[in-house]
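Trainee: Can you read through this structure? Questions will come right after.
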Amino acid sequence: MPPHMLAMIRAEIVAVFGRWSGRGALVVALAVGLLAVGGLEMASRAADNINANGTPAASMLTVDWATCVAWSLQARNFFVLPLLIALAGASTLSGELKENTLREILVRPVPRWSVVFAKVAALSVLSIATLGVTAAASLVGGAIMFPMEEAITGHLMGFAMSWLSDLGLITMTLLVASFSRSVGGVVVSLALYLMADFLLGTLLGFLGQLGTDWAPIVRDFLPGTALQAWKDWDVGFEPKRVGALVVWTIVTWVLTTIRVQRMDVP
Amino acid sequence: METATPALVTDGLTRRFGDRIAVDKLSIQVQPGDVYGFLGPNGAGKTTAIRCILGLIRKDAGNVRIFGETDPVRQRAHVGAMVETPRFFDWMSARGNLERTAAFAGKGDRSDIDRALQLVGLWGRESEPVRAFSLGMRQRLGIARALVGRPKLLVLDEPTNGLDPRGMKEVRDLLDNLAKSTQLTIFISSHLLDEIEKLCGRVGIIEHGRMIAEGKVDDLVAGEGGVTAVEVGARDRAGLCSALEAMDDVKLDGDGLGGRLRVLLAGVEPAALNARLVSAGVAVTALVPQERNLEQLFLSLTSKEIT
Ligand SMILES: Nc1ncnc2c1ncn2[C@@H]1O[C@H](COP(=O)(O)OP(=O)(O)OP(=O)(O)O)[C@@H](O)[C@H]1O
Ligand SMILES: [Mg+2]
């Protein structure tokens, strides 16, 4: 471990937050939190005027602080923020390979694994910051707008697990990025892969319902399914999924390090 | 006399790209305090050798030692480097870029960065984003970055690329001063031969990845097998031309003054050339010896094809 590891991480944080992907992620995180507050408020007003099969829609919707936070957690992990975090990850490796700025730090007295480490650390700080902004916006906004009845411990665990999911996404992104100099290419291939993973997961789910006992086990271990580990926040986390997430994070991190260690950096 | 640990040693350094050998068993020694010029035509393998030395790319064979260190990370603790065109985070200020470097170098505080900026003449512009910098300013900032952390060995790949004549002279003076005042060892690759001649004590000339001449500039230029340039004039220019082309130790090097032909002689005395031409039936009207310099040596040693 280089003695100046902390300085390296700080420098990477400056870089990650200086790029538009990092700044954009913070802005979107704030917007997502506020949107959850506004969305719930609008939904509750609309529900007051709607009757579904004779029962008022308002009775099906709990309008409180906890719901608001739950909505923000769902919205946070829906597509846009993971995409921005993947973009930030791709920029920090593919982008730097393309721009030849990676070389300028690799000529310094640092082992390459520590450069990968600093990048992962900085990106996970970005992830924490976006989760914090979204959570804070919905917690504060929700507390002002709605009654505080239910506890939100599970919700906060959901945010914490989202960080682990992000970490997995970050190391997967870096692995793909270490093979490409195109930021867009990395994000697109990652998205295509996750789609394929989702389809495969759905297929395995069907097989499981038809009685194939290995199918659900394989499904829980797919990287894409593992990334969804946060989704179980309301029913209790599934150890198999969390375990798969940890395993995939470590595997992709190690592979990225090996790849970067061996790479010719012009 | 050789007691000091060499600043830089490469021993049999080799790198291939597919079938092409870019660096071929290259052995270099640079003593501490030397300013070493690393010369070669386009595609000779200078940048590739520098990348191998800095550990940016894999080497296929050979060893590198920097101040006696064999471990790449510890080697780089002694080195400040600029490879090809320096690249920066364009959206970041000049100072921000140098701070990033200092963070990865593990040394170099604010005053060190200030000093580097002052040395290259960018003081006062340091808070501007690099986006706004001209090519020459970027080149200087690249040199400033290489100086962050006060390295003992500076490795510069064509540092005056893109600079105007005044900028070139400034960089040359800067490097000269640094070498003299701080005992800095400098390893510098360049195309600009008169520059190397003014700046460097020793030079190595490579072609096709191989070292073809190495030594002190003065010795190389004056030494045995050294090259002389003359300008030859004759009434029958076409006859002169074909007579010269028939000789294999003589190389035509373009037009001289007043319709004369510029010729490079490898180990041939001008008088002997005259005698040969006369016996070939060419009436020589003028034979003007030119001052020898590194450029002539370089041209005579390296073939003109570009690989
Ligand atoms: N990444 C690469 N892949 C394939 N061939 C390469 C690569 N890098 C360099 N080469 C080849 O290696 C040889 C040496 O190139 P290099 O850039 O080291 O030359 P150079 O002496 O720095 O030239 P110049 O003066 O033009 O900068 C060239 O033939 C080049 O085509
Ligand atoms: Mg070059």
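Following the order of the structure tokens, chains are lettered A, B, ..., residues in each are numbered from 1, and ligands are numbered from 1.
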Identify, counting only C-alpha atoms and all ligand atoms, the protein, DNA and RNA residues located within 10 Å of ligand 1, and give them as a PyMOL selection string.
Mentor: (chain A and resi 264-266) or (chain B and resi 15-23+38-52+57+83-84+157-158+189-191+206-209+306-307)
Trainee: If we count only C-alpha atoms, which residues of chain A reach to within 9 Å of chain B? Please list them as a PyMOL selection string.
Mentor: chain A and resi 2-12+14-15+18-19+99-101+103-111+115+262-266
Trainee: As a list in words, please: the residues near region 214-220 of chain B (cut-off 6 Å, only C-alpha atoms, same-chain neighbours under 3 positions excluded).
Mentor: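 With the cut-off at 6 Å, the set is Gly201, Arg202, Val203, Gly204 and Gly223 of chain B.
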Trainee: Generate the output file for the selected residues, all heavy atoms, as an mmCIF file, in the first residue's frame.
Mentor:
```cif
data_model
loop_
_atom_site.group_PDB
_atom_site.id
_atom_site.type_symbol
_atom_site.label_atom_id
_atom_site.label_comp_id
_atom_site.auth_asym_id
_atom_site.auth_seq_id
_atom_site.Cartn_x
_atom_site.Cartn_y
_atom_site.Cartn_z
ATOM 1 N N GLY B 201 25.693 16.557 -23.064
ATOM 2 C CA GLY B 201 27.081 16.123 -23.015
ATOM 3 C C GLY B 201 27.272 14.851 -23.817
ATOM 4 O O GLY B 201 28.192 14.722 -24.608
ATOM 5 N N ARG B 202 26.366 13.911 -23.639
ATOM 6 C CA ARG B 202 26.469 12.638 -24.342
ATOM 7 C C ARG B 202 25.223 12.407 -25.181
ATOM 8 O O ARG B 202 24.141 12.893 -24.831
ATOM 9 C CB ARG B 202 26.581 11.487 -23.348
ATOM 10 C CG ARG B 202 27.880 11.421 -22.603
ATOM 11 C CD ARG B 202 27.833 10.296 -21.605
ATOM 12 N NE ARG B 202 27.858 8.988 -22.242
ATOM 13 C CZ ARG B 202 28.969 8.389 -22.651
ATOM 14 N NH1 ARG B 202 30.140 8.965 -22.494
ATOM 15 N NH2 ARG B 202 28.923 7.200 -23.209
ATOM 16 N N VAL B 203 25.390 11.671 -26.257
ATOM 17 C CA VAL B 203 24.214 11.301 -27.037
ATOM 18 C C VAL B 203 24.277 9.824 -27.405
ATOM 19 O O VAL B 203 25.352 9.227 -27.462
ATOM 20 C CB VAL B 203 24.086 12.102 -28.362
ATOM 21 C CG1 VAL B 203 23.853 13.572 -28.078
ATOM 22 C CG2 VAL B 203 25.291 11.905 -29.247
ATOM 23 N N GLY B 204 23.114 9.266 -27.620
ATOM 24 C CA GLY B 204 23.003 7.939 -28.205
ATOM 25 C C GLY B 204 22.113 8.071 -29.419
ATOM 26 O O GLY B 204 21.090 8.744 -29.362
ATOM 27 N N GLY B 223 35.262 12.194 -34.286
ATOM 28 C CA GLY B 223 35.927 10.893 -34.227
ATOM 29 C C GLY B 223 36.181 10.242 -35.563
ATOM 30 O O GLY B 223 35.758 10.706 -36.621
#
```
Trainee: Can you tell me, as a ChimeraX atom specification, what residues are no more than 8 Å from region 136-145 of chain A when counting only C-alpha atoms, ignoring any on the same chain fewer than 5 positions away?
Mentor: /A:30,33-34,36-37,41,64-66,68-69,72
Trainee: Let me make sure I understand: among B:Gly124, B:Ile113, B:Pro32, B:Ile188, which one has the smallest atom-to-atom distance to ligand 2 if we use only C-alpha atoms and all ligand atoms?
Mentor: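 Among the listed residues, the smallest separation from ligand 2 belongs to B:Ile188.
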Trainee: Between CA of Ala229 (chain B) and CA of Val282 (chain B), what distance in Å does the model show, to one decimal?
Mentor: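 Rounded to one decimal, the two atoms are 19.1 Å apart.
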Trainee: As number ranges by chain, please: every residue in region 47-293 of chain B that a backbone DSSP assignment puts in alpha helix (DSSP H).
Mentor: B: 47-53, 72-76, 94-105, 110-119, 135-147, 165-182, 193-199, 217-222, 237-245, 270-279
Trainee: Mind checking which residues fall within 12 Å of Ala160 (chain A), counting only C-alpha atoms, ignoring those fewer than 5 positions away in the same chain, and posting them as a list in words?
Mentor: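 The residues satisfying every condition are Leu73, Ser124, Ser127, Ile128, Ala129, Thr130, Leu131, Gly132, Ala135, Thr153, Gly154, His155, Ser165, Asp166, Leu167, Ala229, Trp230, Lys231, Trp233 and Phe237 of chain A.
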Trainee: State, in Å with one decimal place, the distance from CA of Val35 (chain B) to CA of Ala144 (chain B).
Mentor: 17.8 Å
Trainee: Would you mind telling me which residue in B:Ile143, B:Leu119, B:Pro6, B:Asn161 lies nearest to ligand 2 when using only C-alpha atoms and all ligand atoms?
Mentor: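 With only C-alpha atoms and all ligand atoms as the atom set, the closest residue is B:Asn161.
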Trainee: What does the distance between CA of Ala7 (chain B) and CA of Gln29 (chain B) come to in Å, to one decimal place?
Mentor: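 Computing it gives 7.7 Å between the two atoms.
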Trainee: When you count only C-alpha atoms, which of these residues is closest to Leu126 (chain A): A:Phe221, A:Tyr193, A:Trp214, A:Trp163?
Mentor: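 Ranked by minimum distance to Leu126 (chain A), first place goes to A:Trp163.
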Trainee: So which residues touch Val183 (chain A) within 6 Å, counting only C-alpha atoms, skipping near sequence neighbours fewer than 5 positions away, as number ranges by chain?
Mentor: A: 90-91, 94-95
Trainee: From region 22-178 of chain A, collect each residue whose DSSP state is strand (DSSP E or B) and return the set as a ChimeraX atom specification.
Mentor: /A:51-52,55-56
Trainee: Write the residues of the selection above to a file with C-alpha atoms, as a short mmCIF file (atom, residue, chain, number, x, y, z; two decimals), in the first residue's frame.
Mentor:
```cif
data_model
loop_
_atom_site.label_atom_id
_atom_site.label_comp_id
_atom_site.auth_asym_id
_atom_site.auth_seq_id
_atom_site.Cartn_x
_atom_site.Cartn_y
_atom_site.Cartn_z
CA ASN A 51 -62.86 5.54 -6.77
CA ALA A 52 -61.82 2.09 -7.89
CA THR A 55 -63.52 1.73 -2.79
CA PRO A 56 -61.76 5.08 -2.66
#
```
Trainee: Residues within 9 Å of Val116 (chain A), please, as number ranges by chain. Count only C-alpha atoms; anything in the same chain fewer than 6 positions from it doesn't count.
Mentor: A: 93, 174, 253, 256-257, 260
